[in-house]
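Visitor: My structure is in input37.txt, and what it holds is compact mmCIF, C-alpha atoms:
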```
# COMPACT_ATOMS: atom_id res chain seq x y z
CA MET F 1 89.46 120.84 78.20
CA CYS F 2 91.65 123.56 79.64
CA LEU F 3 92.57 123.84 83.25
CA ILE F 4 92.25 127.25 84.80
CA GLY F 5 93.85 126.86 88.18
CA ASP F 6 95.74 128.73 90.82
CA MET F 7 99.13 127.88 89.37
CA THR F 8 102.40 128.65 91.06
CA THR F 9 105.34 129.81 88.99
CA ASN F 10 107.61 126.92 89.92
CA LEU F 11 106.17 124.55 87.29
CA ALA F 12 106.78 126.97 84.42
CA SER F 13 110.29 127.62 85.68
CA ARG F 14 111.25 123.92 85.86
CA SER F 15 114.10 123.16 83.49
CA ASP F 16 112.45 119.86 82.48
CA TYR F 17 108.99 121.27 81.70
CA ARG F 18 108.09 120.18 78.15
CA VAL F 19 105.38 121.45 75.83
CA GLY F 20 103.45 118.78 73.95
CA THR F 21 100.96 115.93 74.05
CA TRP F 22 101.63 112.93 76.29
CA SER F 23 100.05 109.48 75.99
CA LEU F 24 100.04 106.54 78.35
CA ASP F 25 102.86 104.01 78.49
CA PRO F 26 100.63 101.08 79.52
CA THR F 27 103.45 98.67 80.31
CA HIS F 28 104.69 100.99 83.06
CA SER F 29 101.35 102.23 84.42
CA THR F 30 98.68 100.87 86.76
CA LEU F 31 95.15 101.92 87.69
CA SER F 32 94.00 100.23 90.87
CA PHE F 33 91.19 100.46 93.42
CA SER F 34 90.35 99.20 96.88
CA VAL F 35 87.12 98.91 98.89
CA ARG F 36 86.50 97.73 102.44
CA HIS F 37 85.21 94.14 102.68
CA LEU F 38 83.33 92.64 105.65
CA ALA F 39 84.32 95.79 107.57
CA ILE F 40 87.65 94.16 108.46
CA SER F 41 89.86 94.24 105.36
CA LYS F 42 90.06 95.54 101.81
CA VAL F 43 89.52 93.99 98.41
CA ARG F 44 91.84 95.33 95.71
CA GLY F 45 91.73 95.23 91.95
CA THR F 46 92.94 96.88 88.77
CA PHE F 47 91.62 98.03 85.44
CA ASP F 48 93.96 96.51 82.88
CA SER F 49 92.91 98.61 79.87
CA PHE F 50 92.83 102.40 80.03
CA GLU F 51 94.10 105.47 78.20
CA VAL F 52 95.36 108.82 79.46
CA THR F 53 96.22 111.95 77.48
CA VAL F 54 97.93 114.99 78.97
CA VAL F 55 98.43 118.20 77.01
CA THR F 56 101.09 120.56 78.37
CA PRO F 57 100.94 123.95 76.60
CA GLU F 58 103.35 126.84 77.03
CA ASP F 59 101.03 128.23 79.71
CA PRO F 60 101.02 125.55 82.46
CA SER F 61 97.70 126.89 83.78
CA LYS F 62 96.09 125.36 80.70
CA ILE F 63 97.35 121.79 81.17
CA SER F 64 94.59 119.30 80.41
CA VAL F 65 94.12 115.67 81.41
CA THR F 66 91.63 113.19 79.97
CA ALA F 67 91.25 109.47 80.62
CA THR F 68 89.10 106.59 79.39
CA VAL F 69 88.86 103.28 81.25
CA ASP F 70 87.53 100.03 79.80
CA VAL F 71 85.57 98.87 82.86
CA SER F 72 85.21 95.35 81.43
CA SER F 73 88.97 95.00 82.03
CA VAL F 74 88.40 94.92 85.81
CA ASN F 75 90.71 92.38 87.45
CA THR F 76 90.52 91.30 91.09
CA ALA F 77 92.28 87.97 90.45
CA MET F 78 88.96 86.11 90.91
CA GLU F 79 86.98 85.39 87.74
CA ALA F 80 83.57 84.96 89.41
CA ARG F 81 83.92 88.27 91.26
CA ASP F 82 85.09 90.08 88.12
CA ASN F 83 82.08 88.76 86.21
CA HIS F 84 79.79 89.99 89.00
CA LEU F 85 81.43 93.42 88.87
CA ARG F 86 80.58 93.64 85.16
CA THR F 87 76.84 93.14 85.82
CA SER F 88 74.11 95.65 86.64
CA ASP F 89 74.92 95.21 90.36
CA PHE F 90 78.10 97.19 89.76
CA PHE F 91 79.50 98.58 86.49
CA LEU F 92 76.68 97.64 84.09
CA VAL F 93 79.25 97.11 81.36
CA GLU F 94 76.68 96.30 78.66
CA GLU F 95 75.24 99.82 78.82
CA HIS F 96 78.25 101.76 80.11
CA PRO F 97 81.47 100.14 78.86
CA HIS F 98 83.71 103.08 79.77
CA MET F 99 84.52 105.24 82.75
CA THR F 100 85.87 108.67 81.75
CA PHE F 101 87.63 111.61 83.36
CA ALA F 102 88.09 115.16 82.05
CA SER F 103 90.02 117.72 84.05
CA THR F 104 88.55 121.10 84.97
CA ASP F 105 91.11 122.62 87.36
CA ILE F 106 94.62 122.12 88.69
CA THR F 107 96.74 123.53 91.49
CA ILE F 108 100.47 122.81 91.54
CA ASP F 109 102.91 123.29 94.39
CA GLY F 110 106.39 122.07 93.51
CA ASP F 111 106.08 118.37 92.68
CA ASP F 112 102.66 118.10 94.36
CA PHE F 113 99.42 118.76 92.53
CA THR F 114 95.68 118.73 93.06
CA LEU F 115 93.62 117.86 89.99
CA THR F 116 89.86 118.33 89.82
CA GLY F 117 87.69 116.95 87.04
CA ASP F 118 84.48 115.27 85.95
CA LEU F 119 84.35 111.51 86.48
CA THR F 120 81.62 109.64 84.61
CA LEU F 121 80.66 106.10 85.66
CA ARG F 122 77.45 104.25 84.76
CA GLY F 123 76.24 107.40 83.01
CA VAL F 124 76.57 109.50 86.16
CA THR F 125 79.01 112.42 86.25
CA GLN F 126 80.44 113.76 89.52
CA SER F 127 83.28 116.16 90.25
CA VAL F 128 86.24 114.44 91.92
CA THR F 129 89.57 115.72 93.22
CA LEU F 130 92.83 113.81 92.95
CA THR F 131 95.96 114.56 94.90
CA GLY F 132 99.24 113.53 93.37
CA GLU F 133 102.95 113.86 92.92
CA PHE F 134 104.94 114.55 89.77
CA GLY F 135 107.83 112.09 89.49
CA GLY F 136 109.91 113.91 86.89
CA ILE F 137 110.93 113.59 83.24
CA ALA F 138 113.58 111.31 81.71
CA THR F 139 114.64 110.00 78.31
CA ASP F 140 114.69 106.22 77.97
CA GLY F 141 117.13 104.05 76.05
CA TYR F 142 115.05 104.40 72.88
CA GLY F 143 115.13 108.19 72.94
CA GLN F 144 111.55 108.54 74.13
CA VAL F 145 110.81 111.36 76.58
CA LYS F 146 108.89 109.95 79.56
CA ALA F 147 107.12 111.61 82.49
CA GLY F 148 105.99 109.94 85.70
CA ALA F 149 103.21 110.83 88.13
CA SER F 150 101.10 109.23 90.81
CA ALA F 151 97.67 110.29 92.06
CA SER F 152 94.77 109.04 94.12
CA THR F 153 91.20 109.94 95.02
CA LYS F 154 88.35 108.53 97.07
CA ILE F 155 84.78 108.31 95.74
CA ASN F 156 81.48 107.16 97.18
CA ARG F 157 80.33 104.42 94.82
CA THR F 158 76.64 104.94 95.65
CA GLU F 159 76.82 108.44 94.15
CA PHE F 160 77.41 106.71 90.80
CA GLY F 161 74.55 104.24 91.18
CA VAL F 162 76.72 101.35 92.36
CA ASN F 163 74.47 100.35 95.24
CA TRP F 164 74.78 96.56 95.59
CA ASN F 165 75.46 95.28 99.08
CA ALA F 166 74.61 92.39 101.39
CA ALA F 167 73.86 92.56 105.10
CA LEU F 168 76.07 90.63 107.51
CA GLU F 169 74.62 88.44 110.26
CA ALA F 170 76.62 90.29 112.89
CA GLY F 171 75.51 93.68 111.55
CA GLY F 172 76.88 95.97 108.91
CA PHE F 173 77.36 95.23 105.22
CA THR F 174 79.67 93.23 102.98
CA LEU F 175 81.10 96.24 101.13
CA GLY F 176 82.01 99.75 102.16
CA ASP F 177 80.73 102.71 100.16
CA ASP F 178 84.10 104.47 99.80
CA VAL F 179 86.39 103.34 96.98
CA THR F 180 90.00 104.51 96.79
CA ILE F 181 91.36 104.86 93.25
CA THR F 182 95.13 105.01 92.75
CA MET F 183 97.14 105.69 89.60
CA GLU F 184 100.83 105.13 88.93
CA LEU F 185 101.42 106.58 85.48
CA GLN F 186 104.24 106.82 82.99
CA LEU F 187 103.55 109.00 79.95
CA VAL F 188 105.30 109.31 76.58
CA LEU F 189 105.77 112.65 74.83
CA ALA F 190 104.67 112.53 71.19
CA PRO F 191 107.79 113.52 69.17
CA GLU F 192 105.85 115.64 66.68
CA THR F 193 104.43 117.79 69.49
CA ALA F 194 107.62 118.23 71.50
CA ALA F 195 108.93 121.74 71.90
```
Kindly transcribe the structure held in the file into structure tokens.

Guide:
Amino acid sequence: MCLIGDMTTNLASRSDYRVGTWSLDPTHSTLSFSVRHLAISKVRGTFDSFEVTVVTPEDPSKISVTATVDVSSVNTAMEARDNHLRTSDFFLVEEHPHMTFASTDITIDGDDFTLTGDLTLRGVTQSVTLTGEFGGIATDGYGQVKAGASASTKINRTEFGVNWNAALEAGGFTLGDDVTITMELQLVLAPETAA
């Protein structure tokens, strides 16, 4: 999917801008989330299996980003909670094993960017906006061209049909509705697409 955004010229003029297709370097990337718990703290977790593809054409206004997340790979460091998250109370993994993202628009200002796209979870698709920062491009010791970026967004889980909650004796609910999703990504340029 192409991005048709209000691009500034500074991305195209960067000396390290590279044309090609980039895939995820999973050993140097994390996808994490947090949600308020008992109205006093936050529970955090990760998805340990996910893929990201970024296509950077000669025209930076047509950069595209797609992602697929294996929601069964959820990891909050507590097996019983992770198993509950896989049920129909939350991710309904049996029917919807993947969460996906496909970009629709981007705005870039120096190293900062705003990325809008369609997020699909539990069969429900909503437009979400991520704000992020481009970390730069480097070549590692194996000659691979790497790019780094970080981004985050906040979604309302109930808009995706994730409605489970439990009332507290003192008032309020066990879980908050807002979930913050954070990505720290390192991407690898496919050699055959590099230009």

Visitor: Nearest residue to Leu24 (chain F) out of F:Val52, F:Ala190, F:Ile63, F:Val69, using all atoms listed in the file?

Guide: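 For Leu24 (chain F), the nearest of the candidates is F:Val52.
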
Visitor: CA of Ile181 (chain F) and CA of Ser103 (chain F), how far apart in Å?

Guide: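 These atoms are spaced 15.9 Å apart.
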
Visitor: How far is it from CA of Thr100 (chain F) to CA of Ala138 (chain F), in Å with one decimal?

Guide: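 Answer for the CA of Thr100 (chain F) to CA of Ala138 (chain F) separation: 27.8 Å.
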
Visitor: Might you pull out every residue within 10 Å of Val65 (chain F), with all atoms listed in the file counted and same-chain residues fewer than 6 positions away left off, and present them as JSON, numbers by chain?

Guide: {"F": [1, 2, 3, 22, 52, 53, 54, 55, 56, 101, 102, 103, 104, 105, 106, 115, 116, 117]}

Visitor: Between F:Ile108, F:Leu85, F:Leu92, F:Met78, which one has atoms that come closest to Lys62 (chain F), using all atoms listed in the file?

Guide: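 Answer, going by the shortest atom-to-atom distance: F:Ile108.
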
Visitor: Smallest atom-to-atom distance to Lys154 (chain F): which of F:Thr27, F:Leu185, F:Ser61, F:Ser34, using only C-alpha atoms?

Guide: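 When distances to Lys154 (chain F) are compared using only C-alpha atoms, the smallest one comes from F:Ser34.
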
Visitor: Quick one: of F:Asn75, F:Ser29, F:Gln144, F:Ser64, who's nearest to Thr46 (chain F), counting all atoms listed in the file?

Guide: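 Among F:Asn75, F:Ser29, F:Gln144, F:Ser64, it is F:Asn75 that comes nearest to Thr46 (chain F).
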
Visitor: Report as a list in words all protein, DNA and RNA residues lying within 10 Å of Arg86 (chain F), evaluated on all atoms listed in the file, omitting residues in the same chain fewer than 2 positions from it.

Guide: Val71, Ser72, Ser73, Val74, Arg81, Asp82, Asn83, His84, Ser88, Asp89, Phe90, Phe91, Leu92, Val93, Glu94, His96 and Pro97 of chain F

Visitor: Could you please determine the separation between CA of Leu119 (chain F) and CA of Pro191 (chain F) in Å, to one decimal place?

Guide: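 CA of Pro191 (chain F) lies at a distance of 29.2 Å from CA of Leu119 (chain F).
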
Visitor: Step by step: start from the point (95.6, 112.9, 88.0) in the file's coordinates, keep every protein, DNA or RNA residue that has an atom no farther than 7 Å from it, count only C-alpha atoms, and write the set as a list of chain:residue names.

Guide: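 Within 7 Å of (95.6, 112.9, 88.0), the protein and nucleic acid residues are F:Leu115, F:Leu130, F:Gly132, F:Ala151.
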
Visitor: Determine the nearest neighbour of Leu187 (chain F) from the options F:Glu79, F:Asp25, F:Asp118, F:Asp109, counting all atoms listed in the file.

Guide: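 Ranked by minimum distance to Leu187 (chain F), first place goes to F:Asp25.
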
Visitor: Residues at most 12 Å from Gly135 (chain F), counting only C-alpha atoms, excluding those fewer than 6 positions away in the same chain, as a ChimeraX atom specification?

Guide: /F:16,110-113,146-151,184-187

Visitor: Provide an axis-aligned box for all listed atoms of region 103-117 of chain F, padding each side by 3 Å; report its centre and its edge lengths in Å to one decimal, as lines of an AutoDock Vina configuration file.

Guide:
```
center_x = 97.0
center_y = 120.2
center_z = 89.2
size_x = 24.7
size_y = 12.6
size_z = 16.3
```

Visitor: Please determine, counting all atoms listed in the file, which residue among F:Val35, F:Tyr17, F:Val145, F:Glu95 has the shortest atom-to-atom distance to Glu192 (chain F).

Guide: F:Val145
